[in-house]
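Heads up, query13.cif below (mmCIF, C-alpha atoms):
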data_model
loop_
_atom_site.label_atom_id
_atom_site.label_comp_id
_atom_site.auth_asym_id
_atom_site.auth_seq_id
_atom_site.Cartn_x
_atom_site.Cartn_y
_atom_site.Cartn_z
CA MET A 1 3.18 -0.06 22.13
CA MET A 2 4.46 0.50 18.60
CA PHE A 3 1.44 2.61 17.70
CA TRP A 4 1.92 4.59 20.90
CA ALA A 5 5.32 5.70 19.58
CA VAL A 6 4.09 6.28 16.03
CA GLY A 7 1.00 8.14 17.25
CA ILE A 8 2.84 10.68 19.37
CA LEU A 9 5.34 11.29 16.56
CA CYS A 10 2.39 12.06 14.28
CA PHE A 11 1.07 14.53 16.84
CA ALA A 12 4.52 16.10 17.06
CA ALA A 13 4.48 16.52 13.26
CA LYS A 14 1.10 18.22 13.56
CA ASN A 15 2.50 20.53 16.22
CA MET A 16 5.29 21.54 13.84
CA GLU A 17 2.73 22.18 11.10
CA VAL A 18 0.72 24.44 13.42
CA ASN A 19 3.88 26.30 14.49
CA ASP A 20 5.32 26.91 11.00
CA GLY A 21 7.87 24.12 11.17
CA SER A 22 8.95 24.67 14.77
CA LEU A 23 8.33 22.05 17.48
CA SER A 24 7.09 23.62 20.70
CA MET A 25 9.17 22.95 23.80
CA GLY A 26 6.21 21.43 25.63
CA MET A 27 5.57 18.99 22.81
CA PHE A 28 9.26 18.09 22.71
CA VAL A 29 9.30 17.26 26.41
CA ASN A 30 6.05 15.29 26.17
CA VAL A 31 7.18 13.15 23.24
CA THR A 32 10.76 12.67 24.46
CA LEU A 33 9.69 11.32 27.86
CA GLN A 34 7.23 8.93 26.29
CA LEU A 35 9.80 7.66 23.79
CA ILE A 36 12.21 7.02 26.66
CA TYR A 37 9.47 5.08 28.47
CA ILE A 38 8.51 3.08 25.37
CA SER A 39 12.18 2.31 24.67
CA LYS A 40 12.43 1.00 28.22
CA PHE A 41 9.47 -1.28 27.49
CA PHE A 42 11.13 -2.84 24.44
CA HIS A 43 14.53 -3.07 26.16
CA TRP A 44 12.98 -4.87 29.14
CA GLU A 45 10.37 -6.81 27.14
CA MET A 46 11.14 -10.19 28.74
CA GLY A 47 10.55 -8.69 32.15
CA TYR A 48 6.94 -8.01 31.22
CA MET A 49 6.44 -11.75 30.76
CA CYS A 50 6.54 -11.90 34.57
CA SER A 51 4.08 -9.04 35.05
CA MET A 52 0.55 -9.34 36.44
CA ASP A 53 -0.90 -8.59 32.98
CA ILE A 54 0.73 -11.65 31.45
CA GLN A 55 0.86 -14.05 34.40
CA HIS A 56 -2.66 -13.57 35.75
CA ASP A 57 -4.90 -11.32 33.62
CA ARG A 58 -3.84 -13.18 30.47
CA ALA A 59 -4.61 -12.19 26.87
CA GLY A 60 -8.41 -12.15 27.00
CA TYR A 61 -10.83 -9.49 25.81
CA TYR A 62 -9.80 -7.12 28.60
CA ILE A 63 -6.13 -7.04 27.59
CA CYS A 64 -6.63 -7.29 23.81
CA TRP A 65 -9.24 -4.53 23.68
CA GLY A 66 -7.03 -2.39 25.87
CA CYS A 67 -4.01 -2.83 23.60
CA LEU A 68 -5.94 -2.30 20.36
CA VAL A 69 -8.30 0.51 21.43
CA TRP A 70 -7.52 2.02 24.83
CA VAL A 71 -3.74 2.39 24.46
CA PRO A 72 -3.81 4.13 21.04
CA SER A 73 -6.56 6.55 22.11
CA VAL A 74 -6.06 7.25 25.83
CA TYR A 75 -2.31 6.75 26.26
CA THR A 76 -1.68 9.35 23.54
CA SER A 77 -4.48 11.75 24.55
CA HIS A 78 -2.15 14.33 26.13
CA SER A 79 -0.03 14.43 22.97
CA PHE A 80 -3.18 14.78 20.87
CA TYR A 81 -4.12 17.79 22.99
CA LEU A 82 -0.66 19.36 22.88
CA ALA A 83 -0.47 19.06 19.09
CA GLU A 84 -2.53 22.25 18.78
CA HIS A 85 -2.67 23.62 22.33
CA ALA A 86 0.86 23.38 23.73
CA PRO A 87 1.62 26.42 25.92
CA GLU A 88 5.06 28.01 25.82
CA LEU A 89 7.57 26.59 28.30
CA SER A 90 10.73 28.35 29.39
CA MET A 91 13.95 26.42 28.82
CA PRO A 92 14.69 25.98 32.58
CA LEU A 93 11.17 24.65 33.22
CA ALA A 94 11.32 22.32 30.21
CA LEU A 95 14.69 20.93 31.31
CA PHE A 96 13.41 20.46 34.86
CA ILE A 97 10.35 18.51 33.69
CA LEU A 98 12.46 16.45 31.28
CA GLY A 99 15.07 15.70 33.95
CA VAL A 100 12.67 14.70 36.72
CA GLY A 101 10.47 12.76 34.31
CA SER A 102 13.50 10.83 33.04
CA LEU A 103 14.50 10.11 36.63
CA MET A 104 11.04 8.68 37.37
CA ILE A 105 11.27 6.40 34.33
CA GLY A 106 14.74 5.30 35.48
CA ILE A 107 13.49 4.49 38.99
CA ASN A 108 10.52 2.60 37.55
CA TYR A 109 12.86 0.51 35.39
CA ASP A 110 15.33 -0.07 38.23
CA SER A 111 12.65 -1.21 40.67
CA ASP A 112 11.12 -3.62 38.14
CA ASN A 113 14.56 -4.90 37.17
CA GLN A 114 15.60 -5.45 40.79
CA ARG A 115 12.74 -7.89 41.30
CA TYR A 116 13.29 -9.54 37.92
CA VAL A 117 17.00 -10.17 38.56
CA PHE A 118 16.22 -11.31 42.11
CA ARG A 119 13.77 -13.91 40.80
CA GLN A 120 15.95 -15.06 37.92
CA THR A 121 18.96 -15.62 40.21
CA LYS A 122 16.83 -17.07 43.04
CA GLY A 123 18.10 -14.33 45.33
CA GLU A 124 21.79 -14.88 44.51
CA CYS A 125 22.49 -11.29 43.51
CA THR A 126 23.24 -7.91 45.05
CA ILE A 127 20.83 -5.01 45.42
CA TRP A 128 22.25 -1.61 46.28
CA GLY A 129 25.57 -3.30 46.99
CA THR A 130 24.36 -5.92 49.46
CA LYS A 131 22.80 -9.36 49.37
CA PRO A 132 19.01 -8.95 49.34
CA ARG A 133 16.80 -9.90 52.26
CA LYS A 134 14.01 -12.31 51.40
CA ILE A 135 11.20 -14.49 52.66
CA ILE A 136 10.92 -18.03 51.31
CA ALA A 137 7.18 -18.55 50.90
CA GLU A 138 5.55 -21.92 50.32
CA TYR A 139 2.24 -22.31 48.51
CA LYS A 140 0.10 -25.01 46.94
CA THR A 141 -0.83 -25.13 43.28
CA ASP A 142 -4.31 -26.06 42.03
CA ARG A 143 -3.00 -29.62 41.71
CA GLY A 144 -1.92 -29.72 45.35
CA GLU A 145 1.80 -29.48 44.60
CA VAL A 146 3.89 -27.57 47.16
CA ARG A 147 6.13 -24.94 45.62
CA LYS A 148 8.25 -22.03 46.83
CA SER A 149 8.52 -18.36 45.89
CA LEU A 150 10.94 -15.68 47.05
CA LEU A 151 9.55 -12.39 48.38
CA LEU A 152 11.98 -9.49 48.10
CA LEU A 153 12.57 -7.23 51.13
CA SER A 154 15.43 -5.06 49.84
CA GLY A 155 16.03 -2.13 47.52
CA TRP A 156 12.98 -0.25 46.29
CA TRP A 157 10.88 -3.18 47.50
CA SER A 158 11.69 -2.39 51.12
CA LEU A 159 9.77 0.90 50.77
CA SER A 160 6.39 -0.53 49.77
CA ARG A 161 4.95 -3.69 48.24
CA HIS A 162 4.10 -1.98 44.95
CA PHE A 163 6.56 0.90 44.97
CA HIS A 164 7.22 0.62 41.22
CA TYR A 165 3.77 2.13 40.57
CA VAL A 166 4.79 5.42 42.21
CA PRO A 167 7.48 6.45 39.68
CA GLU A 168 5.30 5.15 36.83
CA ILE A 169 2.42 7.44 37.82
CA LEU A 170 4.81 10.35 38.37
CA ALA A 171 6.44 9.76 34.97
CA SER A 172 3.03 10.01 33.32
CA PHE A 173 2.38 13.22 35.21
CA PHE A 174 5.63 14.76 34.02
CA TRP A 175 4.98 14.01 30.37
CA SER A 176 1.47 15.45 30.74
CA VAL A 177 2.38 18.55 32.75
CA PRO A 178 3.78 20.51 29.75
CA ALA A 179 0.10 21.37 29.21
CA LEU A 180 0.35 23.40 32.45
CA ASP A 181 -3.06 24.84 33.36
CA SER A 182 -4.30 25.28 29.79
CA ALA A 183 -6.86 22.49 30.41
CA PHE A 184 -7.62 20.02 33.18
CA ILE A 185 -9.32 17.08 31.43
CA ALA A 186 -7.75 16.24 28.06
CA PRO A 187 -4.06 16.44 29.02
CA TYR A 188 -4.44 14.92 32.50
CA PHE A 189 -7.06 12.22 31.91
CA TYR A 190 -4.37 9.57 31.37
CA VAL A 191 -2.68 10.37 34.70
CA VAL A 192 -5.99 10.05 36.56
CA PHE A 193 -6.83 6.81 34.73
CA LEU A 194 -3.38 5.31 35.40
CA THR A 195 -3.56 6.21 39.10
CA ILE A 196 -6.92 4.44 39.42
CA LEU A 197 -5.75 1.45 37.37
CA LEU A 198 -2.52 0.87 39.31
CA THR A 199 -4.12 1.49 42.71
CA ASP A 200 -6.79 -1.09 41.91
CA ARG A 201 -4.12 -3.46 40.63
CA ALA A 202 -2.10 -3.07 43.86
CA PHE A 203 -5.13 -4.01 45.97
CA ARG A 204 -6.03 -6.93 43.68
CA ASP A 205 -2.47 -8.23 43.74
CA ASP A 206 -2.32 -7.94 47.52
CA ASP A 207 -5.55 -9.92 47.83
CA ARG A 208 -4.29 -12.59 45.42
CA CYS A 209 -0.95 -12.92 47.24
CA SER A 210 -2.66 -13.08 50.64
CA LYS A 211 -4.72 -16.05 49.47
CA LYS A 212 -1.74 -17.68 47.78
CA TYR A 213 0.92 -17.30 50.48
CA GLY A 214 -1.14 -17.10 53.69
CA ILE A 215 1.06 -16.69 56.79
CA TYR A 216 4.10 -15.93 54.63
CA TRP A 217 2.30 -12.93 53.14
CA GLU A 218 1.35 -11.75 56.63
CA LYS A 219 5.02 -11.89 57.58
CA TYR A 220 5.92 -10.03 54.39
CA CYS A 221 3.35 -7.31 55.16
CA SER A 222 4.78 -6.92 58.66
CA GLU A 223 8.21 -6.33 57.10
CA VAL A 224 6.89 -4.03 54.33
CA PRO A 225 3.71 -2.49 55.79
CA TYR A 226 2.78 -0.09 52.97
CA LYS A 227 1.07 -1.08 49.73
CA ILE A 228 2.07 1.80 47.46
CA LEU A 229 3.14 5.09 49.03
CA PRO A 230 5.68 4.68 51.86
CA GLY A 231 4.32 6.14 55.07
CA ILE A 232 0.84 6.76 53.64
CA VAL A 233 -0.92 3.75 52.14
#
Please lay out the structure from this file as structure tokens.
Amino acid sequence: MMFWAVGILCFAAKNMEVNDGSLSMGMFVNVTLQLIYISKFFHWEMGYMCSMDIQHDRAGYYICWGCLVWVPSVYTSHSFYLAEHAPELSMPLALFILGVGSLMIGINYDSDNQRYVFRQTKGECTIWGTKPRKIIAEYKTDRGEVRKSLLLLSGWWSLSRHFHYVPEILASFFWSVPALDSAFIAPYFYVVFLTILLTDRAFRDDDRCSKKYGIYWEKYCSEVPYKILPGIV
């Protein structure tokens, strides 16, 4: 994550070199949105300890190779492209992209934080001004011990079971879209990759939870019927 920030700043410096010391508006929007997102990551770092990456995928080859190779190369690919190919953006368009992109990052943070606070307080909190609805789900560990988990039914989590992926994908789109239609592979590859990654993750997580919680997950799915996009899938 640290190289992600350093890498895009290096590409911004290259953009200034190409433009005689002036940073293009598209590059500014691209880098600013990513720095907001990365700052959110470090601010909410403990929350990621509860994420699927840490709790279930663990730090094997898949995760380590991704962090050391895939993140520095692919997650910065749009900035690499914009360093020398950033089209001109009007101020109103740049502000619109920056504003909506920032909103998506904010919603992504808020949805993740809602679930984190809900779990940390064991449901004794408020979400959108009211006490959250929940399902108390029992499950057995590998050792046969019976434990309980709380499944959240309020806030962003009433819209779909993996709603937080929607604003994350849209945020990545908004920091890539300053490329406009100047190319369709280099600046948008990350968005396509992230959409595939998070869609696959949503289906894998649903399958894992179905096996773990059984009838409680069926009840949860009846309350929140959509996996990702409310009203669609």
Self-check item: Spatial neighbours of segment 130-132 of chain A, max dist 12 Å, only C-alpha atoms, sep filter under 2 positions, as a count of residues only
Solution: 24
Exercise. Would you kindly identify which residues have an atom no farther than 12 Å from (-2.0, 2.7, 35.4), using all atoms listed in the file and the file's own coordinates, and write them out as an MDAnalysis selection string?
Key: chainID A and resid 53 66 70:71 74:75 164:173 189:202
Could you take the residues named above and write them with C-alpha atoms, as a compact mmCIF listing (two decimals), in the coordinates of the input?
# COMPACT_ATOMS: atom_id res chain seq x y z
CA ASP A 53 -0.90 -8.59 32.98
CA GLY A 66 -7.03 -2.39 25.87
CA TRP A 70 -7.52 2.02 24.83
CA VAL A 71 -3.74 2.39 24.46
CA VAL A 74 -6.06 7.25 25.83
CA TYR A 75 -2.31 6.75 26.26
CA HIS A 164 7.22 0.62 41.22
CA TYR A 165 3.77 2.13 40.57
CA VAL A 166 4.79 5.42 42.21
CA PRO A 167 7.48 6.45 39.68
CA GLU A 168 5.30 5.15 36.83
CA ILE A 169 2.42 7.44 37.82
CA LEU A 170 4.81 10.35 38.37
CA ALA A 171 6.44 9.76 34.97
CA SER A 172 3.03 10.01 33.32
CA PHE A 173 2.38 13.22 35.21
CA PHE A 189 -7.06 12.22 31.91
CA TYR A 190 -4.37 9.57 31.37
CA VAL A 191 -2.68 10.37 34.70
CA VAL A 192 -5.99 10.05 36.56
CA PHE A 193 -6.83 6.81 34.73
CA LEU A 194 -3.38 5.31 35.40
CA THR A 195 -3.56 6.21 39.10
CA ILE A 196 -6.92 4.44 39.42
CA LEU A 197 -5.75 1.45 37.37
CA LEU A 198 -2.52 0.87 39.31
CA THR A 199 -4.12 1.49 42.71
CA ASP A 200 -6.79 -1.09 41.91
CA ARG A 201 -4.12 -3.46 40.63
CA ALA A 202 -2.10 -3.07 43.86
Quiz item: Pick from A:Leu68, A:Leu103, A:Ala137, A:Met25: nearest to Ser210 of chain A, with all atoms listed in the file counted?
Solution: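 Checking each of A:Leu68, A:Leu103, A:Ala137, A:Met25 against Ser210 of chain A, counting all atoms listed in the file, the winner is A:Ala137.
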Practice problem: For Pro187 of chain A, work out the shell of residues within 12 Å, counting all atoms listed in the file and skipping chain neighbours fewer than 2 positions away, then give it as a PyMOL selection string. | Solution: chain A and resi 26-27+30+74-87+172-185+189-193
Exercise. Would you please work out which residue, of A:Leu98, A:Val31, A:Cys67, A:Met1, is nearest to Glu45 of chain A when using only C-alpha atoms?
Key: A:Met1
Self-check item: Nearby residues, (-2.7, 7.1, 50.9) file frame, 12 Å, all atoms listed in the file, as a ChimeraX atom specification
Solution: /A:160,166,195,199,226-233
Quiz item: By how many Å are atom CA of Phe163 of chain A and atom CA of Ile63 of chain A apart?
Solution: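 Taking atom CA of Phe163 of chain A as the start and atom CA of Ile63 of chain A as the end point, the length is 22.9 Å.
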Quiz item: Given the choices A:Ile36, A:Lys211, A:Phe42, A:Cys10, which gets closest to Glu138 of chain A if the distance is worked out from all atoms listed in the file?
Solution: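 Selected residue with least distance to Glu138 of chain A: A:Lys211.
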Practice problem: Point out the residue among A:Gly21, A:Asn108, A:Cys209, A:Pro72 with the least atom-to-atom distance to Cys221 of chain A, counting all atoms listed in the file. | Solution: A:Cys209
Exercise. Record the distance separating atom CA of Val224 of chain A and atom CA of Leu159 of chain A, expressed in Å with one decimal.
Key: 6.7 Å
Quiz item: Of the candidates A:His162, A:Ile105, A:Val29, A:Tyr139, which shows the shortest atom-to-atom distance to Asp206 of chain A, using all atoms listed in the file?
Solution: A:His162
Quiz item: Which residue out of A:Asn113, A:Lys14, A:Asp20, A:Trp65 has the minimum interatomic distance to Trp44 of chain A when all atoms listed in the file are used?
Solution: A:Asn113
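Across the model, the gap from atom CA of Gly106 of chain A to atom CA of Ser90 of chain A is 24.2 Å.
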Any chance you could model N, CA and C atoms for segment 158-184 of chain A and send them as a JSON list (two decimals), in the frame of the given file?
[["chain", "number", "residue", "atom", "x", "y", "z"],
["A", 158, "SER", "N", 11.77, -2.54, 49.67],
["A", 158, "SER", "CA", 11.69, -2.39, 51.12],
["A", 158, "SER", "C", 10.83, -1.18, 51.49],
["A", 159, "LEU", "N", 10.54, -0.33, 50.51],
["A", 159, "LEU", "CA", 9.77, 0.90, 50.77],
["A", 159, "LEU", "C", 8.27, 0.65, 50.78],
["A", 160, "SER", "N", 7.80, -0.13, 49.81],
["A", 160, "SER", "CA", 6.39, -0.53, 49.77],
["A", 160, "SER", "C", 6.26, -1.74, 48.86],
["A", 161, "ARG", "N", 5.12, -2.43, 48.97],
["A", 161, "ARG", "CA", 4.95, -3.69, 48.24],
["A", 161, "ARG", "C", 4.72, -3.49, 46.74],
["A", 162, "HIS", "N", 4.31, -2.29, 46.37],
["A", 162, "HIS", "CA", 4.10, -1.98, 44.95],
["A", 162, "HIS", "C", 4.71, -0.61, 44.64],
["A", 163, "PHE", "N", 5.92, -0.41, 45.12],
["A", 163, "PHE", "CA", 6.56, 0.90, 44.97],
["A", 163, "PHE", "C", 6.74, 1.30, 43.51],
["A", 164, "HIS", "N", 6.94, 0.30, 42.62],
["A", 164, "HIS", "CA", 7.22, 0.62, 41.22],
["A", 164, "HIS", "C", 6.08, 1.39, 40.54],
["A", 165, "TYR", "N", 4.88, 1.37, 41.14],
["A", 165, "TYR", "CA", 3.77, 2.13, 40.57],
["A", 165, "TYR", "C", 3.93, 3.63, 40.81],
["A", 166, "VAL", "N", 4.63, 4.00, 41.88],
["A", 166, "VAL", "CA", 4.79, 5.42, 42.21],
["A", 166, "VAL", "C", 5.56, 6.17, 41.13],
["A", 167, "PRO", "N", 6.77, 5.73, 40.76],
["A", 167, "PRO", "CA", 7.48, 6.45, 39.68],
["A", 167, "PRO", "C", 6.78, 6.34, 38.33],
["A", 168, "GLU", "N", 6.02, 5.27, 38.10],
["A", 168, "GLU", "CA", 5.30, 5.15, 36.83],
["A", 168, "GLU", "C", 4.21, 6.20, 36.73],
["A", 169, "ILE", "N", 3.47, 6.40, 37.81],
["A", 169, "ILE", "CA", 2.42, 7.44, 37.82],
["A", 169, "ILE", "C", 3.05, 8.83, 37.70],
["A", 170, "LEU", "N", 4.14, 9.05, 38.43],
["A", 170, "LEU", "CA", 4.81, 10.35, 38.37],
["A", 170, "LEU", "C", 5.40, 10.62, 36.99],
["A", 171, "ALA", "N", 5.92, 9.59, 36.33],
["A", 171, "ALA", "CA", 6.44, 9.76, 34.97],
["A", 171, "ALA", "C", 5.33, 10.23, 34.04],
["A", 172, "SER", "N", 4.15, 9.61, 34.17],
["A", 172, "SER", "CA", 3.03, 10.01, 33.32],
["A", 172, "SER", "C", 2.59, 11.43, 33.61],
["A", 173, "PHE", "N", 2.72, 11.83, 34.86],
["A", 173, "PHE", "CA", 2.38, 13.22, 35.21],
["A", 173, "PHE", "C", 3.35, 14.18, 34.55],
["A", 174, "PHE", "N", 4.64, 13.84, 34.58],
["A", 174, "PHE", "CA", 5.63, 14.76, 34.02],
["A", 174, "PHE", "C", 5.56, 14.86, 32.50],
["A", 175, "TRP", "N", 5.12, 13.81, 31.81],
["A", 175, "TRP", "CA", 4.98, 14.01, 30.37],
["A", 175, "TRP", "C", 3.63, 14.62, 29.99],
["A", 176, "SER", "N", 2.74, 14.76, 30.98],
["A", 176, "SER", "CA", 1.47, 15.45, 30.74],
["A", 176, "SER", "C", 1.53, 16.92, 31.17],
["A", 177, "VAL", "N", 2.36, 17.22, 32.15],
["A", 177, "VAL", "CA", 2.38, 18.55, 32.75],
["A", 177, "VAL", "C", 2.86, 19.67, 31.83],
["A", 178, "PRO", "N", 3.50, 19.41, 30.67],
["A", 178, "PRO", "CA", 3.78, 20.51, 29.75],
["A", 178, "PRO", "C", 2.53, 21.26, 29.30],
["A", 179, "ALA", "N", 1.35, 20.67, 29.51],
["A", 179, "ALA", "CA", 0.10, 21.37, 29.21],
["A", 179, "ALA", "C", -0.18, 22.47, 30.23],
["A", 180, "LEU", "N", 0.54, 22.43, 31.36],
["A", 180, "LEU", "CA", 0.35, 23.40, 32.45],
["A", 180, "LEU", "C", -1.12, 23.47, 32.84],
["A", 181, "ASP", "N", -1.66, 24.70, 32.97],
["A", 181, "ASP", "CA", -3.06, 24.84, 33.36],
["A", 181, "ASP", "C", -3.94, 25.25, 32.19],
["A", 182, "SER", "N", -3.52, 24.90, 30.96],
["A", 182, "SER", "CA", -4.30, 25.28, 29.79],
["A", 182, "SER", "C", -5.60, 24.48, 29.69],
["A", 183, "ALA", "N", -5.65, 23.31, 30.33],
["A", 183, "ALA", "CA", -6.86, 22.49, 30.41],
["A", 183, "ALA", "C", -6.65, 21.48, 31.52],
["A", 184, "PHE", "N", -7.73, 20.94, 32.03],
["A", 184, "PHE", "CA", -7.62, 20.02, 33.18],
["A", 184, "PHE", "C", -8.19, 18.63, 32.91]]
